[in-house]
Structures are given as structure tokens and as C-alpha cells.
>>> print(open('start27.cif').read())   # mmCIF, C-alpha atoms and all ligand atoms; chains and numbers go by the auth columns
data_model
loop_
_atom_site.group_PDB
_atom_site.id
_atom_site.type_symbol
_atom_site.label_atom_id
_atom_site.label_comp_id
_atom_site.label_asym_id
_atom_site.label_seq_id
_atom_site.Cartn_x
_atom_site.Cartn_y
_atom_site.Cartn_z
_atom_site.B_iso_or_equiv
_atom_site.auth_seq_id
_atom_site.auth_asym_id
ATOM 1 C CA MET A 1 187.562 152.354 -46.440 0.00 7 A
ATOM 2 C CA GLY A 2 191.197 152.494 -47.435 0.00 8 A
ATOM 3 C CA HIS A 3 193.379 149.542 -48.157 0.00 9 A
ATOM 4 C CA ARG A 4 195.711 150.400 -45.331 0.00 10 A
ATOM 5 C CA THR A 5 192.872 150.325 -42.834 0.00 11 A
ATOM 6 C CA SER A 6 191.635 146.996 -44.190 0.00 12 A
ATOM 7 C CA THR A 7 195.054 145.510 -43.728 0.00 13 A
ATOM 8 C CA VAL A 8 195.336 146.786 -40.223 0.00 14 A
ATOM 9 C CA LEU A 9 191.909 145.535 -39.285 0.00 15 A
ATOM 10 C CA ALA A 10 192.581 142.161 -40.837 0.00 16 A
ATOM 11 C CA LEU A 11 195.722 141.938 -38.770 0.00 17 A
ATOM 12 C CA ILE A 12 193.883 142.949 -35.651 0.00 18 A
ATOM 13 C CA MET A 13 191.179 140.428 -36.415 0.00 19 A
ATOM 14 C CA SER A 14 193.693 137.641 -36.760 0.00 20 A
ATOM 15 C CA MET A 15 195.229 138.644 -33.437 0.00 21 A
ATOM 16 C CA MET A 16 191.813 138.402 -31.890 0.00 22 A
ATOM 17 C CA LEU A 17 191.200 134.954 -33.322 0.00 23 A
ATOM 18 C CA THR A 18 194.571 133.821 -32.063 0.00 24 A
ATOM 19 C CA THR A 19 193.683 135.110 -28.644 0.00 25 A
ATOM 20 C CA LEU A 20 190.393 133.253 -28.698 0.00 26 A
ATOM 21 C CA VAL A 21 192.106 130.031 -29.672 0.00 27 A
ATOM 22 C CA ILE A 22 194.697 130.414 -26.958 0.00 28 A
ATOM 23 C CA ALA A 23 192.076 131.275 -24.392 0.00 29 A
ATOM 24 C CA ALA A 24 189.887 128.284 -25.194 0.00 30 A
ATOM 25 C CA PRO A 25 190.192 125.407 -22.743 0.00 31 A
ATOM 26 C CA ALA A 26 191.481 122.159 -24.153 0.00 32 A
ATOM 27 C CA ARG A 27 188.397 120.038 -23.724 0.00 33 A
ATOM 28 C CA PRO A 28 185.484 121.175 -21.632 0.00 34 A
ATOM 29 C CA ALA A 29 183.289 118.280 -20.568 0.00 35 A
ATOM 30 C CA GLN A 30 180.179 120.347 -20.429 0.00 36 A
ATOM 31 C CA ALA A 31 178.409 120.003 -23.725 0.00 37 A
ATOM 32 C CA ALA A 32 175.225 119.345 -21.763 0.00 38 A
ATOM 33 C CA LYS A 33 175.327 122.795 -20.185 0.00 39 A
ATOM 34 C CA GLN A 34 172.409 124.476 -21.898 0.00 40 A
ATOM 35 C CA PRO A 35 169.660 126.743 -20.741 0.00 41 A
ATOM 36 C CA ALA A 36 166.576 124.717 -19.928 0.00 42 A
ATOM 37 C CA SER A 37 164.611 125.578 -23.012 0.00 43 A
ATOM 38 C CA GLY A 38 164.497 122.269 -24.847 0.00 44 A
ATOM 39 C CA THR A 39 163.717 123.843 -28.190 0.00 45 A
ATOM 40 C CA ALA A 40 164.777 122.712 -31.620 0.00 46 A
ATOM 41 C CA ALA A 41 167.071 125.708 -31.845 0.00 47 A
ATOM 42 C CA SER A 42 168.764 124.666 -28.638 0.00 48 A
ATOM 43 C CA ALA A 43 169.357 121.143 -29.904 0.00 49 A
ATOM 44 C CA ALA A 44 170.722 122.435 -33.192 0.00 50 A
ATOM 45 C CA GLY A 45 172.973 124.860 -31.363 0.00 51 A
ATOM 46 C CA SER A 46 174.547 122.266 -29.118 0.00 52 A
ATOM 47 C CA ALA A 47 174.972 119.833 -32.002 0.00 53 A
ATOM 48 C CA ALA A 48 176.819 122.452 -34.008 0.00 54 A
ATOM 49 C CA ALA A 49 178.998 123.414 -31.073 0.00 55 A
ATOM 50 C CA GLY A 50 179.778 119.808 -30.304 0.00 56 A
ATOM 51 C CA ALA A 51 180.696 118.903 -33.842 0.00 57 A
ATOM 52 C CA ALA A 52 182.689 121.774 -35.192 0.00 58 A
ATOM 53 C CA ASP A 53 184.137 123.589 -32.327 0.00 59 A
ATOM 54 C CA ALA A 54 183.840 122.079 -28.929 0.00 60 A
ATOM 55 C CA PRO A 55 186.446 124.302 -27.220 0.00 61 A
ATOM 56 C CA ALA A 56 184.353 127.348 -27.951 0.00 62 A
ATOM 57 C CA ALA A 57 181.330 125.920 -26.177 0.00 63 A
ATOM 58 C CA SER A 58 182.210 127.613 -22.904 0.00 64 A
ATOM 59 C CA HIS A 59 182.986 130.902 -24.674 0.00 65 A
ATOM 60 C CA LYS A 60 179.738 131.492 -26.461 0.00 66 A
ATOM 61 C CA THR A 61 179.686 135.142 -25.585 0.00 67 A
ATOM 62 C CA LEU A 62 177.973 137.846 -27.587 0.00 68 A
ATOM 63 C CA TYR A 63 178.470 141.562 -27.277 0.00 69 A
ATOM 64 C CA LEU A 64 175.436 143.560 -28.349 0.00 70 A
ATOM 65 C CA THR A 65 176.194 147.175 -29.188 0.00 71 A
ATOM 66 C CA PHE A 66 173.857 150.060 -30.021 0.00 72 A
ATOM 67 C CA ASP A 67 174.973 153.217 -31.800 0.00 73 A
ATOM 68 C CA ASP A 68 173.825 156.750 -32.525 0.00 74 A
ATOM 69 C CA GLY A 69 171.520 157.267 -29.551 0.00 75 A
ATOM 70 C CA PRO A 70 170.098 158.042 -27.264 0.00 76 A
ATOM 71 C CA SER A 71 166.824 158.515 -29.063 0.00 77 A
ATOM 72 C CA GLN A 72 163.704 159.533 -27.241 0.00 78 A
ATOM 73 C CA ARG A 73 161.682 157.146 -29.347 0.00 79 A
ATOM 74 C CA TYR A 74 163.765 153.976 -29.694 0.00 80 A
ATOM 75 C CA THR A 75 166.208 153.868 -26.798 0.00 81 A
ATOM 76 C CA PRO A 76 163.462 153.337 -24.178 0.00 82 A
ATOM 77 C CA GLN A 77 161.948 150.513 -26.257 0.00 83 A
ATOM 78 C CA ILE A 78 165.300 148.803 -26.561 0.00 84 A
ATOM 79 C CA LEU A 79 166.105 149.301 -22.880 0.00 85 A
ATOM 80 C CA ASP A 80 162.736 147.770 -21.955 0.00 86 A
ATOM 81 C CA ILE A 81 163.517 144.681 -24.054 0.00 87 A
ATOM 82 C CA LEU A 82 167.004 144.301 -22.618 0.00 88 A
ATOM 83 C CA ARG A 83 165.641 144.595 -19.085 0.00 89 A
ATOM 84 C CA ARG A 84 162.933 142.041 -19.727 0.00 90 A
ATOM 85 C CA GLU A 85 165.424 139.625 -21.258 0.00 91 A
ATOM 86 C CA HIS A 86 168.115 140.267 -18.622 0.00 92 A
ATOM 87 C CA VAL A 87 170.654 141.255 -21.246 0.00 93 A
ATOM 88 C CA ARG A 88 173.346 143.885 -20.824 0.00 94 A
ATOM 89 C CA ALA A 89 174.714 145.762 -23.798 0.00 95 A
ATOM 90 C CA THR A 90 177.088 148.540 -24.774 0.00 96 A
ATOM 91 C CA PHE A 91 175.677 151.848 -26.035 0.00 97 A
ATOM 92 C CA PHE A 92 177.913 154.080 -28.131 0.00 98 A
ATOM 93 C CA VAL A 93 176.096 157.364 -27.627 0.00 99 A
ATOM 94 C CA LEU A 94 176.594 160.733 -29.270 0.00 100 A
ATOM 95 C CA GLY A 95 177.690 163.703 -27.189 0.00 101 A
ATOM 96 C CA SER A 96 175.101 165.978 -28.776 0.00 102 A
ATOM 97 C CA ARG A 97 172.277 163.573 -28.007 0.00 103 A
ATOM 98 C CA SER A 98 173.559 163.009 -24.504 0.00 104 A
ATOM 99 C CA GLN A 99 173.143 166.731 -23.929 0.00 105 A
ATOM 100 C CA GLU A 100 169.679 166.567 -25.383 0.00 106 A
ATOM 101 C CA TYR A 101 168.511 163.476 -23.468 0.00 107 A
ATOM 102 C CA PRO A 102 170.596 163.193 -20.305 0.00 108 A
ATOM 103 C CA GLY A 103 167.866 161.164 -18.579 0.00 109 A
ATOM 104 C CA LEU A 104 168.204 158.410 -21.162 0.00 110 A
ATOM 105 C CA VAL A 105 171.965 158.306 -20.778 0.00 111 A
ATOM 106 C CA ARG A 106 171.483 157.936 -17.035 0.00 112 A
ATOM 107 C CA ARG A 107 168.939 155.206 -17.560 0.00 113 A
ATOM 108 C CA ILE A 108 171.322 153.260 -19.824 0.00 114 A
ATOM 109 C CA ARG A 109 173.913 153.315 -17.092 0.00 115 A
ATOM 110 C CA LEU A 110 171.547 152.678 -14.195 0.00 116 A
ATOM 111 C CA GLU A 111 170.213 149.570 -15.896 0.00 117 A
ATOM 112 C CA GLY A 112 173.684 148.060 -15.975 0.00 118 A
ATOM 113 C CA HIS A 113 174.754 148.778 -19.531 0.00 119 A
ATOM 114 C CA GLU A 114 178.050 150.251 -20.632 0.00 120 A
ATOM 115 C CA LEU A 115 178.320 153.720 -22.126 0.00 121 A
ATOM 116 C CA GLY A 116 180.733 154.218 -24.986 0.00 122 A
ATOM 117 C CA ASN A 117 181.712 157.359 -26.865 0.00 123 A
ATOM 118 C CA HIS A 118 180.584 157.755 -30.497 0.00 124 A
ATOM 119 C CA GLY A 119 181.760 161.329 -31.053 0.00 125 A
ATOM 120 C CA PHE A 120 179.822 164.524 -30.614 0.00 126 A
ATOM 121 C CA TYR A 121 177.864 165.036 -33.853 0.00 127 A
ATOM 122 C CA HIS A 122 178.680 161.775 -35.665 0.00 128 A
ATOM 123 C CA GLU A 123 181.231 163.472 -37.892 0.00 129 A
ATOM 124 C CA VAL A 124 183.652 161.070 -39.561 0.00 130 A
ATOM 125 C CA ILE A 125 187.121 161.605 -38.104 0.00 131 A
ATOM 126 C CA THR A 126 189.321 160.311 -40.919 0.00 132 A
ATOM 127 C CA GLY A 127 191.001 163.153 -42.735 0.00 133 A
ATOM 128 C CA LYS A 128 190.472 165.577 -39.856 0.00 134 A
ATOM 129 C CA PRO A 129 193.450 167.076 -37.998 0.00 135 A
ATOM 130 C CA ASP A 130 194.463 165.213 -34.842 0.00 136 A
ATOM 131 C CA VAL A 131 193.578 168.170 -32.695 0.00 137 A
ATOM 132 C CA TRP A 132 190.052 168.167 -34.107 0.00 138 A
ATOM 133 C CA VAL A 133 189.690 164.443 -33.469 0.00 139 A
ATOM 134 C CA ARG A 134 190.843 164.730 -29.886 0.00 140 A
ATOM 135 C CA GLN A 135 188.545 167.684 -29.284 0.00 141 A
ATOM 136 C CA ASP A 136 185.560 165.836 -30.713 0.00 142 A
ATOM 137 C CA VAL A 137 186.179 162.808 -28.528 0.00 143 A
ATOM 138 C CA THR A 138 186.739 164.961 -25.446 0.00 144 A
ATOM 139 C CA LYS A 139 183.671 167.070 -26.078 0.00 145 A
ATOM 140 C CA ALA A 140 181.509 163.965 -26.398 0.00 146 A
ATOM 141 C CA GLU A 141 183.119 162.503 -23.303 0.00 147 A
ATOM 142 C CA ARG A 142 182.279 165.599 -21.285 0.00 148 A
ATOM 143 C CA ALA A 143 178.661 165.500 -22.427 0.00 149 A
ATOM 144 C CA ILE A 144 178.302 161.820 -21.542 0.00 150 A
ATOM 145 C CA ARG A 145 179.897 162.372 -18.159 0.00 151 A
ATOM 146 C CA ALA A 146 177.701 165.383 -17.462 0.00 152 A
ATOM 147 C CA ALA A 147 174.626 163.286 -18.230 0.00 153 A
ATOM 148 C CA SER A 148 175.582 160.064 -16.476 0.00 154 A
ATOM 149 C CA GLY A 149 178.315 160.855 -13.978 0.00 155 A
ATOM 150 C CA VAL A 150 180.432 158.240 -15.726 0.00 156 A
ATOM 151 C CA THR A 151 183.398 158.775 -18.013 0.00 157 A
ATOM 152 C CA PRO A 152 183.100 156.538 -21.062 0.00 158 A
ATOM 153 C CA VAL A 153 186.223 154.584 -21.921 0.00 159 A
ATOM 154 C CA LEU A 154 185.463 152.785 -25.166 0.00 160 A
ATOM 155 C CA TYR A 155 185.284 154.750 -28.380 0.00 161 A
ATOM 156 C CA ARG A 156 183.645 153.785 -31.646 0.00 162 A
ATOM 157 C CA PRO A 157 184.354 156.154 -34.538 0.00 163 A
ATOM 158 C CA PRO A 158 181.362 157.453 -36.521 0.00 164 A
ATOM 159 C CA GLY A 159 180.878 155.330 -39.613 0.00 165 A
ATOM 160 C CA GLY A 160 183.465 152.905 -38.239 0.00 166 A
ATOM 161 C CA MET A 161 186.011 154.952 -40.157 0.00 167 A
ATOM 162 C CA ILE A 162 189.421 155.180 -38.557 0.00 168 A
ATOM 163 C CA ASP A 163 192.987 154.594 -39.633 0.00 169 A
ATOM 164 C CA GLN A 164 195.810 152.923 -37.782 0.00 170 A
ATOM 165 C CA ARG A 165 197.439 156.150 -36.694 0.00 171 A
ATOM 166 C CA GLU A 166 194.222 157.565 -35.289 0.00 172 A
ATOM 167 C CA MET A 167 193.524 154.296 -33.534 0.00 173 A
ATOM 168 C CA ALA A 168 196.930 154.369 -31.877 0.00 174 A
ATOM 169 C CA MET A 169 196.532 158.022 -30.918 0.00 175 A
ATOM 170 C CA LEU A 170 193.128 157.518 -29.321 0.00 176 A
ATOM 171 C CA THR A 171 194.084 154.308 -27.562 0.00 177 A
ATOM 172 C CA LYS A 172 197.120 156.051 -26.125 0.00 178 A
ATOM 173 C CA ALA A 173 194.879 158.894 -24.977 0.00 179 A
ATOM 174 C CA GLY A 174 192.733 156.423 -23.040 0.00 180 A
ATOM 175 C CA HIS A 175 190.029 155.763 -25.627 0.00 181 A
ATOM 176 C CA PRO A 176 190.392 152.171 -26.828 0.00 182 A
ATOM 177 C CA VAL A 177 188.600 151.711 -30.131 0.00 183 A
ATOM 178 C CA VAL A 178 185.873 149.135 -30.605 0.00 184 A
ATOM 179 C CA LEU A 179 184.368 148.424 -34.008 0.00 185 A
ATOM 180 C CA TRP A 180 182.313 145.285 -34.629 0.00 186 A
ATOM 181 C CA THR A 181 182.539 141.834 -36.126 0.00 187 A
ATOM 182 C CA LEU A 182 178.902 141.427 -37.177 0.00 188 A
ATOM 183 C CA ASP A 183 176.815 144.164 -38.769 0.00 189 A
ATOM 184 C CA SER A 184 173.124 143.474 -38.221 0.00 190 A
ATOM 185 C CA GLY A 185 172.367 145.717 -41.203 0.00 191 A
ATOM 186 C CA ASP A 186 169.599 147.399 -39.236 0.00 192 A
ATOM 187 C CA TRP A 187 170.641 150.786 -40.650 0.00 193 A
ATOM 188 C CA ARG A 188 169.297 149.776 -44.065 0.00 194 A
ATOM 189 C CA ALA A 189 166.459 147.503 -42.920 0.00 195 A
ATOM 190 C CA LYS A 190 162.863 148.021 -43.967 0.00 196 A
ATOM 191 C CA SER A 191 161.515 145.369 -41.629 0.00 197 A
ATOM 192 C CA ALA A 192 162.692 143.260 -38.706 0.00 198 A
ATOM 193 C CA ALA A 193 163.143 140.002 -40.645 0.00 199 A
ATOM 194 C CA PRO A 194 166.433 140.782 -42.435 0.00 200 A
ATOM 195 C CA ILE A 195 167.966 141.938 -39.153 0.00 201 A
ATOM 196 C CA VAL A 196 166.989 138.695 -37.439 0.00 202 A
ATOM 197 C CA ASN A 197 168.231 136.619 -40.375 0.00 203 A
ATOM 198 C CA THR A 198 171.537 138.440 -40.727 0.00 204 A
ATOM 199 C CA VAL A 199 172.390 138.023 -37.082 0.00 205 A
ATOM 200 C CA LEU A 200 171.216 134.440 -36.677 0.00 206 A
ATOM 201 C CA ARG A 201 172.960 133.323 -39.841 0.00 207 A
ATOM 202 C CA ASN A 202 176.304 134.915 -39.025 0.00 208 A
ATOM 203 C CA VAL A 203 176.548 134.851 -35.277 0.00 209 A
ATOM 204 C CA GLN A 204 179.567 133.149 -33.741 0.00 210 A
ATOM 205 C CA PRO A 205 181.227 133.081 -30.352 0.00 211 A
ATOM 206 C CA GLY A 206 182.800 136.401 -29.406 0.00 212 A
ATOM 207 C CA ALA A 207 180.857 138.387 -31.998 0.00 213 A
ATOM 208 C CA ILE A 208 180.463 142.095 -31.439 0.00 214 A
ATOM 209 C CA VAL A 209 177.107 142.837 -33.015 0.00 215 A
ATOM 210 C CA LEU A 210 176.339 146.265 -34.432 0.00 216 A
ATOM 211 C CA PHE A 211 172.829 147.638 -33.910 0.00 217 A
ATOM 212 C CA HIS A 212 171.435 151.151 -33.726 0.00 218 A
ATOM 213 C CA ASP A 213 169.062 152.726 -31.242 0.00 219 A
ATOM 214 C CA GLY A 214 169.218 156.237 -32.664 0.00 220 A
ATOM 215 C CA ILE A 215 168.114 156.107 -36.314 0.00 221 A
ATOM 216 C CA SER A 216 164.718 155.620 -37.883 0.00 222 A
ATOM 217 C CA PRO A 217 165.183 151.910 -38.790 0.00 223 A
ATOM 218 C CA SER A 218 165.805 151.375 -35.072 0.00 224 A
ATOM 219 C CA ARG A 219 162.074 150.623 -34.892 0.00 225 A
ATOM 220 C CA TYR A 220 162.931 147.369 -36.693 0.00 226 A
ATOM 221 C CA THR A 221 165.903 146.798 -34.424 0.00 227 A
ATOM 222 C CA ALA A 222 163.516 146.861 -31.484 0.00 228 A
ATOM 223 C CA GLN A 223 161.205 144.412 -33.240 0.00 229 A
ATOM 224 C CA ALA A 224 164.057 142.064 -34.145 0.00 230 A
ATOM 225 C CA LEU A 225 165.774 142.058 -30.785 0.00 231 A
ATOM 226 C CA PRO A 226 163.579 139.700 -28.726 0.00 232 A
ATOM 227 C CA LYS A 227 163.859 136.905 -31.282 0.00 233 A
ATOM 228 C CA ILE A 228 167.599 137.395 -31.726 0.00 234 A
ATOM 229 C CA ILE A 229 168.129 137.242 -27.979 0.00 235 A
ATOM 230 C CA ARG A 230 165.947 134.185 -27.453 0.00 236 A
ATOM 231 C CA VAL A 231 167.347 132.140 -30.320 0.00 237 A
ATOM 232 C CA CYS A 232 170.947 132.978 -29.447 0.00 238 A
ATOM 233 C CA ARG A 233 170.297 132.108 -25.824 0.00 239 A
ATOM 234 C CA ALA A 234 168.744 128.810 -26.883 0.00 240 A
ATOM 235 C CA ARG A 235 171.918 128.106 -28.839 0.00 241 A
ATOM 236 C CA GLY A 236 173.911 128.563 -25.654 0.00 242 A
ATOM 237 C CA TYR A 237 175.076 132.134 -25.988 0.00 243 A
ATOM 238 C CA THR A 238 175.426 134.561 -23.136 0.00 244 A
ATOM 239 C CA PHE A 239 175.475 138.348 -23.435 0.00 245 A
ATOM 240 C CA GLU A 240 178.153 140.509 -21.930 0.00 246 A
ATOM 241 C CA LEU A 241 179.460 144.042 -21.964 0.00 247 A
ATOM 242 C CA VAL A 242 182.323 144.750 -24.316 0.00 248 A
ATOM 243 C CA PRO A 243 185.354 144.528 -22.010 0.00 249 A
ATOM 244 C CA VAL A 244 186.706 147.930 -21.084 0.00 250 A
ATOM 245 C CA GLY A 245 190.459 148.264 -21.351 0.00 251 A
ATOM 246 C CA PRO A 246 193.300 148.425 -23.821 0.00 252 A
ATOM 247 C CA ALA A 247 192.510 144.895 -25.004 0.00 253 A
ATOM 248 C CA ALA A 248 189.361 146.244 -26.583 0.00 254 A
ATOM 249 C CA SER A 249 191.378 147.813 -29.357 0.00 255 A
ATOM 250 C CA ARG A 250 192.115 144.446 -30.845 0.00 256 A
ATOM 251 C CA ILE A 251 188.458 143.563 -31.267 0.00 257 A
ATOM 252 C CA THR A 252 187.608 145.002 -34.596 0.00 258 A
ATOM 253 C CA THR A 253 186.424 144.422 -38.064 0.00 259 A
ATOM 254 C CA HIS A 254 184.872 146.875 -40.361 0.00 260 A
ATOM 255 C CA ALA A 255 181.739 145.937 -42.185 0.00 261 A
ATOM 256 C CA ASP A 256 179.720 148.720 -43.669 0.00 262 A
ATOM 257 C CA SER A 257 179.397 152.394 -44.150 0.00 263 A
ATOM 258 C CA ARG A 258 176.518 154.028 -42.322 0.00 264 A
ATOM 259 C CA GLN A 259 176.580 153.244 -38.687 0.00 265 A
HETATM 260 ZN ZN ZN B . 177.109 155.737 -35.826 0.00 301 A
#
>>> encode(input="start27.cif", output="C-alpha cells")
Amino acid sequence: MGHRTSTVLALIMSMMLTTLVIAAPARPAQAAKQPASGTAASAAGSAAAGAADAPAASHKTLYLTFDDGPSQRYTPQILDILRREHVRATFFVLGSRSQEYPGLVRRIRLEGHELGNHGFYHEVITGKPDVWVRQDVTKAERAIRAASGVTPVLYRPPGGMIDQREMAMLTKAGHPVVLWTLDSGDWRAKSAAPIVNTVLRNVQPGAIVLFHDGISPSRYTAQALPKIIRVCRARGYTFELVPVGPAASRITTHADSRQ
């Protein structure tokens, strides 16, 4: 990723943090508000929140995101887990795979998740002519709409690769860009444990967590997910859809290559 992009994303990130600080209430008197689980993890979570960063206690939101699907093999497994755990997530699906598996795209939507656009064939957009980029996004959008009846708003570029100009162009065209703040590393995982550890070690309020439901290590994503959800919930986190709207463009950080 280029230096210019890093700078832009760092700027965007700092805007986001500023927003979070501004949005935090002065002093919420609700440290006791915890799910009734009574586990060690829960106690540790509330202690940490109380000590370091009390204002964030009422904003312990996580945004789970899944890329590169839908996959006939892994997307149903992941949807089953999310349903069982009552968690909603955002799926950045590919146009080509939406054409291939329209029933899965419908299921994602019907089960209350958000559909985002991840391009048609997962081709990296940086360095491509603007007209190509717009066509790719539009083509994927049409495929997702044809499958689900819903027009996706959020866009996540393949590989997370995008420059400032492209980001502005797409946002202006009605496709606010969402990257992530926490890469679960599932794309390189050879078991579930490193995915669990990466997320639980680095999670913080407002994190947008990158997972995949459409690549072969997604089998480990599915294995890791129940524990991640339960431990985060015990620490007081709630799970929400990435907000749809222009504000989404500020929520970014680039982490790694393959996504
Ligand atoms: Zn991807």
C-alpha cells in the first residue's frame, strides 16, 4: 500500500477516534450493566473498562464483517452460528458469487444482515481507469440486487486497496467505503486458535473486524466464531451492522494484503 494511502487512512482513523471521543458520554453510571454470565472473562472485561476507559463502556460495539462470499460451503455455517448467537453482521459479497449463489445472498439479507459490495471478481481497483472501477462496482451491485432485491450501499475494495481519489469518487457516487480496524488474520490461518487469539487480544470498542466466509481458511473462521462472540459478549460488547451512510467512509484502517 502506498504512502499516500497510509497517510489518508491515518488521517481518517484519527477523525474516527475524535468522533468516538466526542460521542462518548461524560460519565455513565452503569458499570454494572453486564450480560448475566458471571464468568471470569466478564469480570476482567468490566474491570478493564472501568479502569482505563469508562466513557467507552456504553459504546462497546463491534462490527463483524465477512468478505469474499457467498460460499456454498462456509457461508451457511457462518450464518447458522450468527443466528444461534443472535449476532448481525455485514457481508461484503462478490458480484460473481452472488450470481452463482443467489439463494445465499437472499438468506444473508433475510436473516437480518447487511449486504455490502466487494466488487465483481475481486479484482484490485487501484491503477485501473475510473470508468473500469465504476463499471466493476455497478456490475457487482446489479448482481447483488438481482439476487437479494436490495441495493448494497457500502463498498469494500478487494484487497482493501484504494487511494484517496478513488475513495472520494466512489463515495460521491453513493458507495461509501468501509475497510476495517482489526484483521482477524483468518485468510492465513491454519487453525481456529490464532483467529480467536488475534481478535480477543486486539478487540476494542468500535472495532470493525475483518473475517472471510468465502475462502478455504473460512472453515477456521467458522470454528473460531462462537468463542469470539461469547468472550466478547462476556466482556460487554454488542454486535451491530456497520452503519450505512456517508459517515461510513471515515471508518477505515488498512491492515493486510489478501482479503
Ligand atoms: Zn476480499
>>> resolve_selection(input="start27.cif", expression="the PyMOL selection byres (((not hetatm)) within 10 of (chain A and resi 301))", output="list in words")
Phe72, Asp73, Asp74, Gly75, Phe98, Val99, Leu100, His124, Gly125, Tyr127, His128, Glu129, Val130, Arg162, Pro163, Pro164, Gly165, Gly166, Met167, Trp193, Leu216, Phe217, His218, Asp219, Gly220, Ile221, Ser263, Arg264 and Gln265 of chain A
>>> closest_residue(input="start27.cif", among="A:Arg171, A:His119, A:Arg79, A:Lys178", to="Gly133 of chain A", atoms="all atoms listed in the file")
A:Arg171
>>> closest_residue(input="start27.cif", among="A:Val209, A:Val184, A:Ala195, A:Met175", to="Arg241 of chain A", atoms="all atoms listed in the file")
A:Val209
>>> resolve_selection(input="start27.cif", expression="the PyMOL selection byres (((chain A and resi 103) around 10) and not hetatm)", output="ChimeraX atom specification")
/A:74-78,99-102,104-108,110-111,126-127,146,149-150,220
>>> atom_distance(input="start27.cif", atom1="atom CA of Trp186 of chain A", atom2="atom CA of Thr71 of chain A")
8.4 Å
>>> atom_distance(input="start27.cif", atom1="atom CA of Lys196 of chain A", atom2="atom CA of Pro223 of chain A")
6.9 Å
>>> atom_distance(input="start27.cif", atom1="atom CA of Thr157 of chain A", atom2="atom CA of Ala95 of chain A")
16.7 Å
>>> build_atoms(input="start27.cif", residues="segment 206-222 of chain A", atoms="N, CA and C atoms", output="PDB file, keeping the file's coordinate frame")
ATOM      1  N   LEU A 206     171.272 135.871 -37.007  1.00  0.00           N
ATOM      2  CA  LEU A 206     171.216 134.440 -36.677  1.00  0.00           C
ATOM      3  C   LEU A 206     172.042 133.594 -37.646  1.00  0.00           C
ATOM      4  N   ARG A 207     172.170 134.067 -38.861  1.00  0.00           N
ATOM      5  CA  ARG A 207     172.960 133.323 -39.841  1.00  0.00           C
ATOM      6  C   ARG A 207     174.457 133.486 -39.608  1.00  0.00           C
ATOM      7  N   ASN A 208     174.867 134.611 -39.095  1.00  0.00           N
ATOM      8  CA  ASN A 208     176.304 134.915 -39.025  1.00  0.00           C
ATOM      9  C   ASN A 208     176.893 134.915 -37.626  1.00  0.00           C
ATOM     10  N   VAL A 209     176.058 134.712 -36.640  1.00  0.00           N
ATOM     11  CA  VAL A 209     176.548 134.851 -35.277  1.00  0.00           C
ATOM     12  C   VAL A 209     177.570 133.760 -34.966  1.00  0.00           C
ATOM     13  N   GLN A 210     178.597 134.132 -34.215  1.00  0.00           N
ATOM     14  CA  GLN A 210     179.567 133.149 -33.741  1.00  0.00           C
ATOM     15  C   GLN A 210     180.151 133.624 -32.423  1.00  0.00           C
ATOM     16  N   PRO A 211     180.740 132.706 -31.679  1.00  0.00           N
ATOM     17  CA  PRO A 211     181.227 133.081 -30.352  1.00  0.00           C
ATOM     18  C   PRO A 211     182.161 134.291 -30.404  1.00  0.00           C
ATOM     19  N   GLY A 212     181.951 135.215 -29.490  1.00  0.00           N
ATOM     20  CA  GLY A 212     182.800 136.401 -29.406  1.00  0.00           C
ATOM     21  C   GLY A 212     182.365 137.535 -30.315  1.00  0.00           C
ATOM     22  N   ALA A 213     181.269 137.351 -31.047  1.00  0.00           N
ATOM     23  CA  ALA A 213     180.857 138.387 -31.998  1.00  0.00           C
ATOM     24  C   ALA A 213     180.473 139.681 -31.279  1.00  0.00           C
ATOM     25  N   ILE A 214     180.919 140.773 -31.862  1.00  0.00           N
ATOM     26  CA  ILE A 214     180.463 142.095 -31.439  1.00  0.00           C
ATOM     27  C   ILE A 214     179.445 142.520 -32.480  1.00  0.00           C
ATOM     28  N   VAL A 215     178.194 142.637 -32.064  1.00  0.00           N
ATOM     29  CA  VAL A 215     177.107 142.837 -33.015  1.00  0.00           C
ATOM     30  C   VAL A 215     176.707 144.311 -33.042  1.00  0.00           C
ATOM     31  N   LEU A 216     176.686 144.853 -34.247  1.00  0.00           N
ATOM     32  CA  LEU A 216     176.339 146.265 -34.432  1.00  0.00           C
ATOM     33  C   LEU A 216     174.829 146.436 -34.652  1.00  0.00           C
ATOM     34  N   PHE A 217     174.213 147.202 -33.741  1.00  0.00           N
ATOM     35  CA  PHE A 217     172.829 147.638 -33.910  1.00  0.00           C
ATOM     36  C   PHE A 217     172.799 149.152 -33.740  1.00  0.00           C
ATOM     37  N   HIS A 218     171.621 149.710 -33.945  1.00  0.00           N
ATOM     38  CA  HIS A 218     171.435 151.151 -33.726  1.00  0.00           C
ATOM     39  C   HIS A 218     170.169 151.395 -32.918  1.00  0.00           C
ATOM     40  N   ASP A 219     170.270 152.328 -31.982  1.00  0.00           N
ATOM     41  CA  ASP A 219     169.062 152.726 -31.242  1.00  0.00           C
ATOM     42  C   ASP A 219     168.689 154.170 -31.561  1.00  0.00           C
ATOM     43  N   GLY A 220     169.446 154.809 -32.471  1.00  0.00           N
ATOM     44  CA  GLY A 220     169.218 156.237 -32.664  1.00  0.00           C
ATOM     45  C   GLY A 220     168.903 156.662 -34.089  1.00  0.00           C
ATOM     46  N   ILE A 221     168.454 155.730 -34.934  1.00  0.00           N
ATOM     47  CA  ILE A 221     168.114 156.107 -36.314  1.00  0.00           C
ATOM     48  C   ILE A 221     166.716 155.559 -36.626  1.00  0.00           C
ATOM     49  N   SER A 222     166.116 156.012 -37.720  1.00  0.00           N
ATOM     50  CA  SER A 222     164.718 155.620 -37.883  1.00  0.00           C
ATOM     51  C   SER A 222     164.504 154.112 -38.088  1.00  0.00           C
TER      52      SER A 222
END
